[in-house]
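Novice: For reference, the file entry25.cif (mmCIF, C-alpha atoms and all ligand atoms) is included below:
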```
data_structure
#
loop_
_atom_site.label_atom_id
_atom_site.label_comp_id
_atom_site.auth_asym_id
_atom_site.auth_seq_id
_atom_site.Cartn_x
_atom_site.Cartn_y
_atom_site.Cartn_z
CA MET S 114 -0.42 20.70 158.22
CA ILE S 115 0.34 24.15 156.82
CA ALA S 116 -1.03 27.01 158.92
CA ALA S 117 -3.71 29.24 157.43
CA LEU S 118 -2.66 32.82 156.78
CA PRO S 119 -3.85 35.47 159.24
CA LEU S 120 -6.68 37.60 157.82
CA ASN S 121 -4.59 40.76 157.73
CA GLU S 122 -1.47 39.05 156.36
CA SER S 123 -0.40 41.83 153.97
CA ASP S 124 -0.73 44.48 156.70
CA ARG S 125 1.11 42.19 159.10
CA LEU S 126 3.98 41.75 156.64
CA ARG S 127 4.12 45.49 156.07
CA ALA S 128 4.34 46.01 159.84
CA LEU S 129 7.18 43.47 159.99
CA ARG S 130 9.03 45.29 157.21
CA ASP S 131 8.58 48.61 159.04
CA TYR S 132 10.53 47.23 161.99
CA ASP S 133 13.41 46.61 159.59
CA ILE S 134 14.67 43.77 161.77
CA LEU S 135 14.88 40.79 159.38
CA ASP S 136 18.43 39.62 158.62
CA THR S 137 20.00 41.98 161.12
CA LEU S 138 22.96 40.90 163.22
CA PRO S 139 22.49 39.19 166.61
CA GLU S 140 22.01 41.62 169.50
CA GLN S 141 22.68 40.96 173.16
CA GLU S 142 19.30 42.34 174.32
CA TYR S 143 17.36 39.68 172.41
CA GLN S 144 19.91 37.00 173.22
CA ASP S 145 19.48 37.70 176.96
CA ILE S 146 15.74 37.27 176.63
CA VAL S 147 15.88 33.86 174.91
CA GLN S 148 18.43 32.69 177.45
CA MET S 149 16.10 33.72 180.28
CA ALA S 150 13.12 32.04 178.57
CA ALA S 151 15.03 28.76 178.22
CA LEU S 152 16.18 28.97 181.84
CA ILE S 153 12.77 29.76 183.30
CA CYS S 154 10.93 27.20 181.19
CA GLY S 155 13.69 24.58 181.53
CA THR S 156 13.88 23.90 177.79
CA PRO S 157 17.00 23.28 175.69
CA ILE S 158 15.77 25.59 172.91
CA ALA S 159 14.35 29.12 172.94
CA LEU S 160 13.89 31.46 169.97
CA VAL S 161 12.75 34.89 168.91
CA SER S 162 11.12 33.87 165.65
CA LEU S 163 9.79 36.36 163.12
CA VAL S 164 7.43 35.03 160.49
CA ASP S 165 8.19 36.43 157.04
CA SER S 166 6.15 35.72 153.88
CA ASN S 167 7.74 32.33 153.28
CA ARG S 168 10.17 31.71 156.12
CA GLN S 169 10.60 32.12 159.84
CA TRP S 170 13.80 33.92 160.75
CA PHE S 171 15.41 33.86 164.19
CA LYS S 172 16.51 37.14 165.68
CA ALA S 173 17.86 35.31 168.73
CA LYS S 174 18.26 31.63 169.62
CA VAL S 175 19.68 29.16 172.09
CA GLY S 176 20.03 25.44 171.47
CA LEU S 177 19.58 25.66 167.69
CA ASP S 178 21.99 26.22 164.82
CA ALA S 179 19.52 27.09 162.05
CA VAL S 180 19.18 30.75 161.08
CA GLU S 181 15.74 30.26 159.57
CA THR S 182 13.32 27.56 158.39
CA SER S 183 10.58 27.46 155.80
CA ARG S 184 7.26 28.93 156.86
CA GLU S 185 5.42 25.67 156.06
CA SER S 186 7.20 23.83 158.83
CA ALA S 187 7.11 26.73 161.32
CA PHE S 188 5.15 26.14 164.53
CA CYS S 189 5.19 29.90 164.95
CA ALA S 190 3.12 30.31 161.78
CA HIS S 191 0.31 28.58 163.68
CA ALA S 192 0.86 30.80 166.70
CA LEU S 193 0.09 33.86 164.54
CA LEU S 194 -3.54 32.74 164.50
CA GLN S 195 -3.73 33.04 168.30
CA PRO S 196 -2.75 36.64 168.93
CA ASN S 197 -4.12 36.77 172.47
CA GLU S 198 -2.83 33.60 174.07
CA LEU S 199 0.12 31.27 174.27
CA PHE S 200 0.26 28.65 171.57
CA ILE S 201 1.16 25.37 173.27
CA VAL S 202 1.76 21.97 171.70
CA PRO S 203 2.49 19.53 174.54
CA ASP S 204 3.46 16.61 172.27
CA ALA S 205 3.85 17.27 168.55
CA THR S 206 4.11 13.54 167.70
CA GLN S 207 0.55 13.13 168.97
CA ASP S 208 -0.80 16.24 167.28
CA ARG S 209 -2.20 15.71 163.78
CA ARG S 210 -1.18 19.22 162.77
CA PHE S 211 2.50 18.49 163.46
CA ALA S 212 3.04 14.71 163.51
CA ASP S 213 4.42 14.74 159.94
CA ASN S 214 6.29 18.07 160.32
CA PRO S 215 9.91 17.75 159.14
CA LEU S 216 11.08 19.56 162.29
CA VAL S 217 9.33 16.82 164.32
CA ILE S 218 10.34 13.81 162.25
CA GLY S 219 13.88 15.07 161.59
CA GLY S 220 16.16 17.60 163.35
CA PRO S 221 15.74 19.31 165.74
CA ALA S 222 13.08 16.68 166.64
CA ILE S 223 10.60 19.05 168.24
CA ASN S 224 8.24 17.50 170.68
CA PHE S 225 7.09 20.28 172.92
CA TYR S 226 6.44 23.85 171.74
CA ALA S 227 5.15 26.96 173.53
CA GLY S 228 5.10 30.35 171.80
CA ALA S 229 4.06 33.76 173.14
CA PRO S 230 2.92 36.21 170.44
CA LEU S 231 5.05 39.22 169.55
CA LYS S 232 2.15 41.61 169.09
CA THR S 233 2.55 45.17 167.81
CA PRO S 234 0.52 48.01 169.35
CA GLU S 235 -1.72 47.77 166.25
CA GLY S 236 -2.39 44.08 166.97
CA HIS S 237 -0.22 42.46 164.28
CA VAL S 238 1.65 39.36 165.40
CA LEU S 239 5.19 39.48 164.01
CA GLY S 240 6.21 36.07 165.35
CA THR S 241 6.79 34.54 168.75
CA LEU S 242 9.11 34.16 171.65
CA CYS S 243 9.04 30.38 171.88
CA VAL S 244 10.52 27.58 173.93
CA ILE S 245 11.02 24.08 172.51
CA ASP S 246 11.86 20.70 174.00
CA ARG S 247 12.65 17.31 172.53
CA ARG S 248 10.29 15.53 174.93
CA PRO S 249 6.60 16.01 175.72
CA ARG S 250 5.90 18.38 178.60
CA GLU S 251 3.87 21.32 180.00
CA LEU S 252 4.56 24.79 181.38
CA ASP S 253 3.18 25.68 184.81
CA ALA S 254 1.24 28.92 185.30
CA ASN S 255 4.31 30.87 186.46
CA GLN S 256 6.37 29.76 183.48
CA GLN S 257 3.55 30.72 181.13
CA GLU S 258 3.30 34.13 182.77
CA ALA S 259 7.08 34.61 182.53
CA LEU S 260 7.13 33.63 178.84
CA TYR S 261 4.40 36.18 178.20
CA ALA S 262 6.26 38.88 180.11
CA LEU S 263 9.47 38.15 178.19
CA SER S 264 7.60 38.33 174.87
CA ARG S 265 6.47 41.83 175.87
CA GLN S 266 10.11 42.66 176.55
CA VAL S 267 10.98 41.57 173.00
CA MET S 268 8.27 43.89 171.68
CA THR S 269 9.59 46.74 173.83
CA GLN S 270 13.01 46.23 172.25
CA LEU S 271 11.51 46.13 168.76
CA ASP S 272 9.43 49.25 169.38
CA MET S 273 12.45 51.12 170.72
CA ARG S 274 14.35 50.14 167.63
CA LEU S 275 11.50 51.36 165.43
CA LYS S 276 11.39 54.68 167.29
CA LEU S 277 15.14 55.01 166.83
CA VAL S 278 14.89 54.32 163.10
CA GLU S 279 12.06 56.87 162.84
CA LEU S 280 14.06 59.38 164.83
CA GLU S 281 17.11 58.91 162.61
CA ARG S 282 14.95 59.27 159.52
CA ALA S 283 13.39 62.47 160.87
CA GLN S 284 16.81 63.80 161.80
CA ALA S 285 18.15 63.12 158.31
CA GLN S 286 15.11 64.82 156.83
CA LEU S 287 15.58 67.82 159.08
CA GLN S 288 19.21 68.05 157.98
CA GLU S 289 18.13 68.00 154.36
CA VAL S 290 15.60 70.76 155.02
CA THR S 291 18.19 72.85 156.88
CA ALA S 292 20.69 72.45 154.05
CA HIS S 293 18.00 73.32 151.53
CA LEU S 294 17.11 76.46 153.49
CA GLU S 295 20.78 77.41 153.67
CA ARG S 296 21.06 77.08 149.89
CA ILE S 297 17.95 79.19 149.41
CA LYS S 298 19.32 81.77 151.84
CA GLU S 299 22.65 81.97 149.99
CA ASP S 300 20.91 82.22 146.61
CA GLU S 301 18.68 84.94 147.96
CA ARG S 302 21.65 86.84 149.42
CA ARG S 303 23.43 86.57 146.08
CA ARG S 304 20.36 87.80 144.21
CA ILE S 305 19.77 90.75 146.55
CA ALA S 306 23.49 91.67 146.40
CA ARG S 307 23.36 91.67 142.60
CA GLU S 308 20.17 93.72 142.53
CA ILE S 309 21.49 96.31 144.97
CA HIS S 310 24.69 96.48 142.93
CA ASP S 311 22.95 96.86 139.58
CA GLU S 312 20.00 99.02 140.55
CA LEU S 313 20.94 101.08 143.59
CA GLY S 314 24.67 101.08 142.76
CA GLY S 315 23.90 102.44 139.27
CA VAL S 316 21.65 105.20 140.62
CA MET S 317 24.20 106.20 143.28
CA THR S 318 26.98 106.37 140.71
CA GLY S 319 24.74 108.53 138.50
CA ILE S 320 23.94 110.97 141.33
CA LYS S 321 27.61 111.08 142.28
CA SER S 322 28.69 111.92 138.71
CA TYR S 323 26.10 114.74 138.43
CA LEU S 324 27.30 116.25 141.71
CA SER S 325 30.97 115.89 140.75
CA HIS S 326 30.26 117.49 137.38
CA LYS S 327 28.50 120.48 139.04
CA ILE S 328 31.29 120.92 141.60
CA ASP S 329 34.01 120.64 138.94
CA SER S 330 32.35 123.21 136.68
CA ALA S 331 31.96 125.63 139.63
CA HIS S 332 35.71 125.21 140.29
CA ARG S 333 36.49 125.71 136.59
CA ASN S 334 34.45 128.95 136.61
CA GLY S 335 36.37 130.18 139.64
CA GLU S 336 33.29 129.98 141.84
CA THR S 337 32.89 128.37 145.26
CA PRO S 338 30.52 125.41 144.88
CA ASP S 339 27.23 125.63 146.76
CA ARG S 340 27.62 124.27 150.34
CA HIS S 341 24.57 122.01 149.87
CA LEU S 342 26.16 120.61 146.76
CA LEU S 343 29.32 119.75 148.70
CA ASP S 344 27.27 118.20 151.53
CA ALA S 345 25.28 116.16 149.00
CA ASN S 346 28.55 114.99 147.43
CA THR S 347 29.88 113.80 150.81
CA LEU S 348 26.58 112.06 151.52
CA ALA S 349 26.77 110.35 148.10
CA ASP S 350 30.27 109.05 148.95
CA THR S 351 29.01 107.68 152.27
CA ALA S 352 26.00 106.10 150.57
CA ILE S 353 28.23 104.42 147.95
CA ASP S 354 30.49 103.03 150.69
CA THR S 355 27.45 101.75 152.57
CA VAL S 356 26.04 100.11 149.47
CA ARG S 357 29.40 98.41 148.87
CA ARG S 358 29.57 97.18 152.46
CA VAL S 359 25.99 95.86 152.38
CA ILE S 360 26.68 94.01 149.13
CA THR S 361 29.85 92.45 150.55
CA ASP S 362 28.16 91.51 153.80
CA LEU S 363 25.41 89.79 151.88
CA ARG S 364 27.72 87.75 149.70
CA PRO S 365 31.38 88.63 149.13
CA SER S 366 31.96 88.45 145.40
CA VAL S 367 35.52 87.21 145.98
CA LEU S 368 34.00 83.94 147.20
CA ASP S 369 32.34 83.36 143.84
CA GLN S 370 35.12 84.82 141.74
CA LEU S 371 38.34 83.65 143.39
CA GLY S 372 37.23 80.76 145.57
CA VAL S 373 37.13 80.06 149.26
CA TRP S 374 40.85 80.38 150.09
CA ALA S 375 41.12 83.86 148.62
CA ALA S 376 37.84 84.77 150.30
CA LEU S 377 39.17 83.64 153.70
CA GLU S 378 42.35 85.70 153.28
CA TRP S 379 40.30 88.69 152.22
CA TYR S 380 37.89 88.26 155.13
CA ALA S 381 40.74 87.98 157.65
CA GLY S 382 42.15 91.30 156.40
CA GLU S 383 38.76 92.93 156.53
CA PHE S 384 38.19 91.52 160.04
CA GLU S 385 41.55 92.84 161.25
CA GLU S 386 40.79 96.30 159.94
CA ARG S 387 37.33 96.37 161.46
CA THR S 388 38.15 94.95 164.88
CA ARG S 389 41.79 95.95 165.35
CA LEU S 390 42.45 92.31 166.32
CA ARG S 391 45.57 90.85 164.72
CA CYS S 392 44.37 88.15 162.33
CA THR S 393 46.92 85.92 160.56
CA VAL S 394 46.23 83.28 157.95
CA ASP S 395 48.35 80.32 156.89
CA ILE S 396 46.95 78.23 154.05
CA ASP S 397 49.42 75.60 152.94
CA PRO S 398 50.15 75.69 149.21
CA GLU S 399 48.82 72.20 148.59
CA THR S 400 45.49 73.11 150.17
CA ALA S 401 45.31 76.39 148.28
CA GLU S 402 45.58 74.38 145.04
CA ARG S 403 42.53 72.33 145.86
CA ALA S 404 39.19 73.67 144.76
CA LEU S 405 36.16 73.13 146.94
CA ASP S 406 32.69 72.86 145.47
CA ALA S 407 30.29 75.78 145.91
CA GLU S 408 28.38 74.22 148.81
CA ARG S 409 31.54 73.40 150.79
CA SER S 410 33.08 76.78 150.01
CA THR S 411 30.03 78.64 151.28
CA ALA S 412 29.80 76.43 154.38
CA LEU S 413 33.46 76.91 155.24
CA PHE S 414 33.31 80.64 154.65
CA ARG S 415 30.21 81.04 156.85
CA ILE S 416 31.79 78.91 159.60
CA VAL S 417 34.93 81.04 159.62
CA GLN S 418 32.81 84.18 159.54
CA GLU S 419 30.81 83.04 162.58
CA THR S 420 33.96 81.90 164.41
CA LEU S 421 35.71 85.25 163.88
CA THR S 422 32.56 87.14 164.84
CA ASN S 423 32.49 85.11 168.05
CA VAL S 424 36.15 85.93 168.72
CA ALA S 425 35.41 89.63 168.35
CA ARG S 426 32.26 89.46 170.47
CA HIS S 427 33.14 87.02 173.24
CA ALA S 428 36.82 86.09 173.45
CA ASN S 429 38.48 89.21 174.74
CA ALA S 430 41.40 88.26 172.50
CA THR S 431 44.24 90.28 171.01
CA ARG S 432 45.02 87.98 168.12
CA VAL S 433 43.64 85.11 166.14
CA HIS S 434 45.37 82.67 163.80
CA MET S 435 43.77 80.60 161.06
CA GLU S 436 45.39 77.61 159.33
CA ALA S 437 44.23 75.36 156.51
CA ARG S 438 45.84 71.98 155.81
CA ALA S 439 44.96 69.21 153.39
CA ALA S 440 44.96 65.81 155.07
CA ALA S 441 44.31 62.66 152.98
CA SER S 442 40.80 63.05 151.59
CA ALA S 443 39.83 65.84 153.98
CA MET S 444 40.92 69.34 154.70
CA VAL S 445 41.32 70.73 158.16
CA VAL S 446 40.90 74.37 159.11
CA THR S 447 41.82 75.55 162.60
CA ILE S 448 41.14 78.92 164.17
CA GLN S 449 42.92 79.70 167.42
CA ASP S 450 42.41 82.83 169.46
CA ASP S 451 44.30 83.98 172.56
CA GLY S 452 41.27 85.05 174.55
CA ARG S 453 39.62 83.83 177.74
CA GLY S 454 38.78 80.38 176.35
CA ILE S 455 35.28 79.02 175.84
CA VAL S 456 33.95 76.75 178.60
CA PRO S 457 31.81 73.65 177.85
CA PRO S 458 28.46 75.02 179.12
CA GLU S 459 28.75 77.84 176.58
CA LEU S 460 28.58 75.26 173.80
CA LEU S 461 25.12 74.30 174.97
CA LYS S 462 23.56 77.76 175.35
CA ARG S 463 19.94 77.43 174.39
CA ASP S 464 19.47 80.91 172.99
CA SER S 465 22.62 80.87 170.83
CA TRP S 466 22.57 79.68 167.27
CA GLY S 467 26.00 80.45 165.82
CA ILE S 468 27.84 77.34 167.04
CA ALA S 469 24.76 75.12 166.61
CA GLY S 470 24.60 76.24 162.97
CA MET S 471 28.30 75.50 162.51
CA TYR S 472 27.85 71.94 163.82
CA GLU S 473 24.84 71.46 161.57
CA ARG S 474 26.65 72.61 158.41
CA VAL S 475 29.70 70.44 159.07
CA ARG S 476 27.66 67.36 159.95
CA TYR S 477 25.58 67.70 156.81
CA LEU S 478 28.71 67.75 154.69
CA GLY S 479 30.06 64.63 156.39
CA GLY S 480 32.73 66.43 158.39
CA ALA S 481 33.47 67.07 162.04
CA LEU S 482 33.77 70.16 164.22
CA THR S 483 35.47 70.46 167.59
CA ILE S 484 35.59 73.53 169.81
CA THR S 485 37.82 73.51 172.86
CA GLY S 486 38.79 76.25 175.25
CA SER S 487 41.56 76.37 177.77
CA ASP S 488 41.27 78.77 180.66
CA GLY S 489 43.01 82.01 179.68
CA ASN S 490 44.67 80.34 176.69
CA GLY S 491 42.05 80.92 174.10
CA THR S 492 39.66 78.85 172.04
CA LEU S 493 40.52 76.42 169.28
CA VAL S 494 37.96 75.69 166.57
CA THR S 495 38.79 72.76 164.27
CA VAL S 496 36.79 72.06 161.14
CA ARG S 497 37.44 68.82 159.26
CA MET S 498 35.65 68.50 155.97
CA PRO S 499 35.88 65.74 153.37
CA MET S 500 37.00 67.05 149.97
CA GLU S 501 34.51 64.94 148.08
CA ALA S 502 30.76 65.28 148.32
CA ASP S 503 29.52 62.53 150.62
CA HIS S 504 26.57 63.90 152.55
CA ALA S 505 25.91 62.27 155.89
CA ALA S 506 22.38 61.33 155.09
N1 LIG K 601 36.06 82.41 170.81
C1 LIG K 601 35.30 82.37 171.90
N2 LIG K 601 35.84 82.66 173.13
C2 LIG K 601 35.08 82.61 174.22
N3 LIG K 601 33.78 82.31 174.26
C3 LIG K 601 33.17 82.01 173.10
C4 LIG K 601 33.89 82.04 171.86
N4 LIG K 601 33.04 81.70 170.87
C5 LIG K 601 31.86 81.49 171.46
N5 LIG K 601 31.92 81.69 172.79
C6 LIG K 601 30.84 81.49 173.78
O1 LIG K 601 29.96 80.56 173.25
C7 LIG K 601 28.63 81.08 173.22
C8 LIG K 601 27.87 80.51 172.06
O2 LIG K 601 28.31 81.05 170.83
P1 LIG K 601 27.29 81.14 169.61
O3 LIG K 601 28.01 81.64 168.42
O4 LIG K 601 26.58 79.84 169.50
O5 LIG K 601 26.21 82.20 170.10
P2 LIG K 601 26.31 83.77 170.26
O6 LIG K 601 27.51 84.27 169.54
O7 LIG K 601 26.19 84.10 171.71
O8 LIG K 601 24.98 84.24 169.54
P3 LIG K 601 24.63 84.07 167.98
O9 LIG K 601 23.45 83.15 167.97
O10 LIG K 601 24.31 85.45 167.52
O11 LIG K 601 25.82 83.50 167.29
C9 LIG K 601 28.82 82.58 173.19
O12 LIG K 601 27.70 83.24 173.71
C10 LIG K 601 30.05 82.75 174.07
O13 LIG K 601 29.68 82.72 175.43
MG MG K 602 27.92 83.68 167.58
#
```
Take the structure in the file and give it back as structure tokens.

Specialist:
Amino acid sequence: MIAALPLNESDRLRALRDYDILDTLPEQEYQDIVQMAALICGTPIALVSLVDSNRQWFKAKVGLDAVETSRESAFCAHALLQPNELFIVPDATQDRRFADNPLVIGGPAINFYAGAPLKTPEGHVLGTLCVIDRRPRELDANQQEALYALSRQVMTQLDMRLKLVELERAQAQLQEVTAHLERIKEDERRRIAREIHDELGGVMTGIKSYLSHKIDSAHRNGETPDRHLLDANTLADTAIDTVRRVITDLRPSVLDQLGVWAALEWYAGEFEERTRLRCTVDIDPETAERALDAERSTALFRIVQETLTNVARHANATRVHMEARAAASAMVVTIQDDGRGIVPPELLKRDSWGIAGMYERVRYLGGALTITGSDGNGTLVTVRMPMEADHAA
């Protein structure tokens, strides 16, 4: 006899799909549970059976070769209708619901069946943890209790898996959001840099040319230019320098115009000048030939920027060396300083965001970052990034 469908069958199937467990590979945790069930109940067969729309599929099994059977012949399909108790068939050959069941008449010749419901917190029964024998029999109270307890263990495993899937999904989503925010931030920096350049830069250049004109004509007339005029001219020079620096800090135009490798060389020079730390760069010619897309270029540039800033702020170093090498489908950039050497707890500082941001950027782009310090022998930062876009989603 074919089992009636549970009242909430479509919700139940949706719940089963959410667990994303059907057709997954065998796992030891579930295998251990069926082995224990068979041992405790003294049966040759034990299964974790999940009832899909038209089949029952076994996540774990002992004593049976089949991977799945049709739903029509599944004892477990009947067990779904008893969400709050064990479903026990002491002798299937004497039970009108099962006497003509192909699993009773033919292999595996089921005679005895006991299934404990795998019930979700919302009350949907996904299937059963069941034990099966080829002869009529019973389970004593302890065995029944144990089967129940083991079925709860199966649900605990399934719920943990669900939580893990949800966690991974949330993490991937968070990564997407972070990357999106980074893109917005870079676009915004680029826009502000352009605006400052066009608007403020234009005004400053105008002021400067008026002042220069006035000073020049005073000189031409053999007069000493007004002291305030000279002061204003010096201030205009300072302001123009500041505007230039702000624009470059926001988004170095060399990055957009000449690409990441030129930008890194430029930044190293600028860093050396600013910090008085010797900063050498070695980009192998093959790597220099390879163009990186805009997202990777920005990420790499920002990582190097943060790493060098850290060297200046924390390392107590005298020199730093950067290398870029192409390796198979990835490129590897290393930055080695000769400072005090970072120690592992510093990588986990809760109020620091620089290194955390570096990890995040690299992970999003499908690469890897390692940071190692050796006492008194400096810190080595290694960035490995795939050349092609293959986001770790
Ligand atoms: N090159 C380095 N040598 C030695 N210590 C380092 C080096 N780089 C980083 N550190 C240590 O690692 C810590 C974490 O660095 P991280 O860049 O994450 O944060 P931060 O620089 O302190 O602050 P911010 O969030 O502004 O970047 C630093 O505070 C420092 O103690
Ligand atoms: Mg930092």

Novice: Give me, as a Markdown table, the closest atom pair and its distance (Å, one decimal) for every residue of chain S within a cut-off of 9 Å of ligand MG 602 (chain K), counting all atoms listed in the file, rows sorted by chain and rising number.

Specialist:
```
| residue | atom | partner | partner_atom | distance |
| --- | --- | --- | --- | --- |
| S:Glu419 | CA | K:MG602 | MG | 5.8 |
| S:Thr420 | CA | K:MG602 | MG | 7.0 |
| S:Leu421 | CA | K:MG602 | MG | 8.8 |
| S:Thr422 | CA | K:MG602 | MG | 6.4 |
| S:Asn423 | CA | K:MG602 | MG | 4.8 |
| S:Val424 | CA | K:MG602 | MG | 8.6 |
| S:Arg426 | CA | K:MG602 | MG | 7.8 |
| S:His427 | CA | K:MG602 | MG | 8.4 |
| S:Ser465 | CA | K:MG602 | MG | 6.8 |
| S:Trp466 | CA | K:MG602 | MG | 6.7 |
| S:Gly467 | CA | K:MG602 | MG | 4.1 |
| S:Ile468 | CA | K:MG602 | MG | 6.4 |
```

Novice: Write out as a list in words the residues lying within 12 Å of stretch 335-344 of chain S, counting only C-alpha atoms and excluding same-chain residues fewer than 4 positions away.

Specialist: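 Residues near the query, excluding close chain neighbours: Ile320, Lys321, Tyr323, Leu324, Ser325, His326, Lys327, Ile328, Asp329, Ser330, Ala331, Leu348, Ala349, Asp350 and Thr351 of chain S.
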
Novice: Using all atoms listed in the file, what are the residues with an atom within 9 Å of ligand LIG 601 (chain K), set out as a VMD selection string?

Specialist: chain S and resid 419 to 430 449 to 471 484 486 491 to 494

Novice: Can those selected residues be exported to a file as a PDB file, in the frame of the given file so that it contains C-alpha atoms?

Specialist:
```pdb
ATOM      1  CA  GLU S 419      30.810  83.040 162.580  1.00  0.00           C
ATOM      2  CA  THR S 420      33.960  81.900 164.410  1.00  0.00           C
ATOM      3  CA  LEU S 421      35.710  85.250 163.880  1.00  0.00           C
ATOM      4  CA  THR S 422      32.560  87.140 164.840  1.00  0.00           C
ATOM      5  CA  ASN S 423      32.490  85.110 168.050  1.00  0.00           C
ATOM      6  CA  VAL S 424      36.150  85.930 168.720  1.00  0.00           C
ATOM      7  CA  ALA S 425      35.410  89.630 168.350  1.00  0.00           C
ATOM      8  CA  ARG S 426      32.260  89.460 170.470  1.00  0.00           C
ATOM      9  CA  HIS S 427      33.140  87.020 173.240  1.00  0.00           C
ATOM     10  CA  ALA S 428      36.820  86.090 173.450  1.00  0.00           C
ATOM     11  CA  ASN S 429      38.480  89.210 174.740  1.00  0.00           C
ATOM     12  CA  ALA S 430      41.400  88.260 172.500  1.00  0.00           C
ATOM     13  CA  GLN S 449      42.920  79.700 167.420  1.00  0.00           C
ATOM     14  CA  ASP S 450      42.410  82.830 169.460  1.00  0.00           C
ATOM     15  CA  ASP S 451      44.300  83.980 172.560  1.00  0.00           C
ATOM     16  CA  GLY S 452      41.270  85.050 174.550  1.00  0.00           C
ATOM     17  CA  ARG S 453      39.620  83.830 177.740  1.00  0.00           C
ATOM     18  CA  GLY S 454      38.780  80.380 176.350  1.00  0.00           C
ATOM     19  CA  ILE S 455      35.280  79.020 175.840  1.00  0.00           C
ATOM     20  CA  VAL S 456      33.950  76.750 178.600  1.00  0.00           C
ATOM     21  CA  PRO S 457      31.810  73.650 177.850  1.00  0.00           C
ATOM     22  CA  PRO S 458      28.460  75.020 179.120  1.00  0.00           C
ATOM     23  CA  GLU S 459      28.750  77.840 176.580  1.00  0.00           C
ATOM     24  CA  LEU S 460      28.580  75.260 173.800  1.00  0.00           C
ATOM     25  CA  LEU S 461      25.120  74.300 174.970  1.00  0.00           C
ATOM     26  CA  LYS S 462      23.560  77.760 175.350  1.00  0.00           C
ATOM     27  CA  ARG S 463      19.940  77.430 174.390  1.00  0.00           C
ATOM     28  CA  ASP S 464      19.470  80.910 172.990  1.00  0.00           C
ATOM     29  CA  SER S 465      22.620  80.870 170.830  1.00  0.00           C
ATOM     30  CA  TRP S 466      22.570  79.680 167.270  1.00  0.00           C
ATOM     31  CA  GLY S 467      26.000  80.450 165.820  1.00  0.00           C
ATOM     32  CA  ILE S 468      27.840  77.340 167.040  1.00  0.00           C
ATOM     33  CA  ALA S 469      24.760  75.120 166.610  1.00  0.00           C
ATOM     34  CA  GLY S 470      24.600  76.240 162.970  1.00  0.00           C
ATOM     35  CA  MET S 471      28.300  75.500 162.510  1.00  0.00           C
ATOM     36  CA  ILE S 484      35.590  73.530 169.810  1.00  0.00           C
ATOM     37  CA  GLY S 486      38.790  76.250 175.250  1.00  0.00           C
ATOM     38  CA  GLY S 491      42.050  80.920 174.100  1.00  0.00           C
ATOM     39  CA  THR S 492      39.660  78.850 172.040  1.00  0.00           C
ATOM     40  CA  LEU S 493      40.520  76.420 169.280  1.00  0.00           C
ATOM     41  CA  VAL S 494      37.960  75.690 166.570  1.00  0.00           C
TER      42      VAL S 494
END
```

Novice: If you count only C-alpha atoms, which residues fall within 6 Å of stretch 226-228 of chain S, apart from same-chain ones fewer than 6 positions away, as an MDAnalysis selection string?

Specialist: chainID S and resid 199:202 241:245

Novice: What's the 10 Å shell around S:Pro196, counting all atoms listed in the file, without same-chain residues fewer than 2 positions away, as a PyMOL selection string?

Specialist: chain S and resi 119+192-194+198-200+229-232+236-241

Novice: So that I can see what lies close to S:Ile448, please list as a PyMOL selection string the residues with an atom at most 7 Å from it, counting all atoms listed in the file and leaving out residues fewer than 5 positions away in the same chain.

Specialist: chain S and resi 433-436+493-495

Novice: Do you know which residues are at most 10 Å from S:Ser366 counting all atoms listed in the file, after dropping those on the same chain fewer than 5 positions away, and could you put them as number ranges by chain?

Specialist: S: 303, 306-307, 360-361, 371-372, 376

Novice: Quick one: of S:Leu135, S:Ala412, S:Ile218, S:Ala159, who's nearest to S:Leu263, counting all atoms listed in the file?

Specialist: S:Ala159

Novice: With distances taken over all atoms listed in the file, which of S:His332, S:Arg127, S:Arg497, S:Arg358 is nearest to S:Ala437?

Specialist: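 Using all atoms listed in the file, S:Ala437 sits closest to S:Arg497.
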
Novice: In Å, how far is it from atom CA of S:Ala117 to atom CA of S:Arg184?

Specialist: 11.0 Å

Novice: Using only C-alpha atoms, pick whichever of S:Arg391, S:Arg476, S:Arg333, S:Arg415 has the shortest atom-to-atom distance to S:Leu368.

Specialist: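 Going through S:Arg391, S:Arg476, S:Arg333, S:Arg415 one by one, the smallest distance to S:Leu368 is for S:Arg415.
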
Novice: In Å, rounded to a single decimal, give me how far atom CA of S:Ala190 is from atom CA of S:Arg248.

Specialist: 21.0 Å

Novice: Using all atoms listed in the file, which of the listed residues (S:Gln144, S:Ala285, S:Ala116, S:Leu275) sits closest to S:Arg130?

Specialist: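 Of S:Gln144, S:Ala285, S:Ala116, S:Leu275, the one nearest S:Arg130 is S:Leu275, counting all atoms listed in the file.
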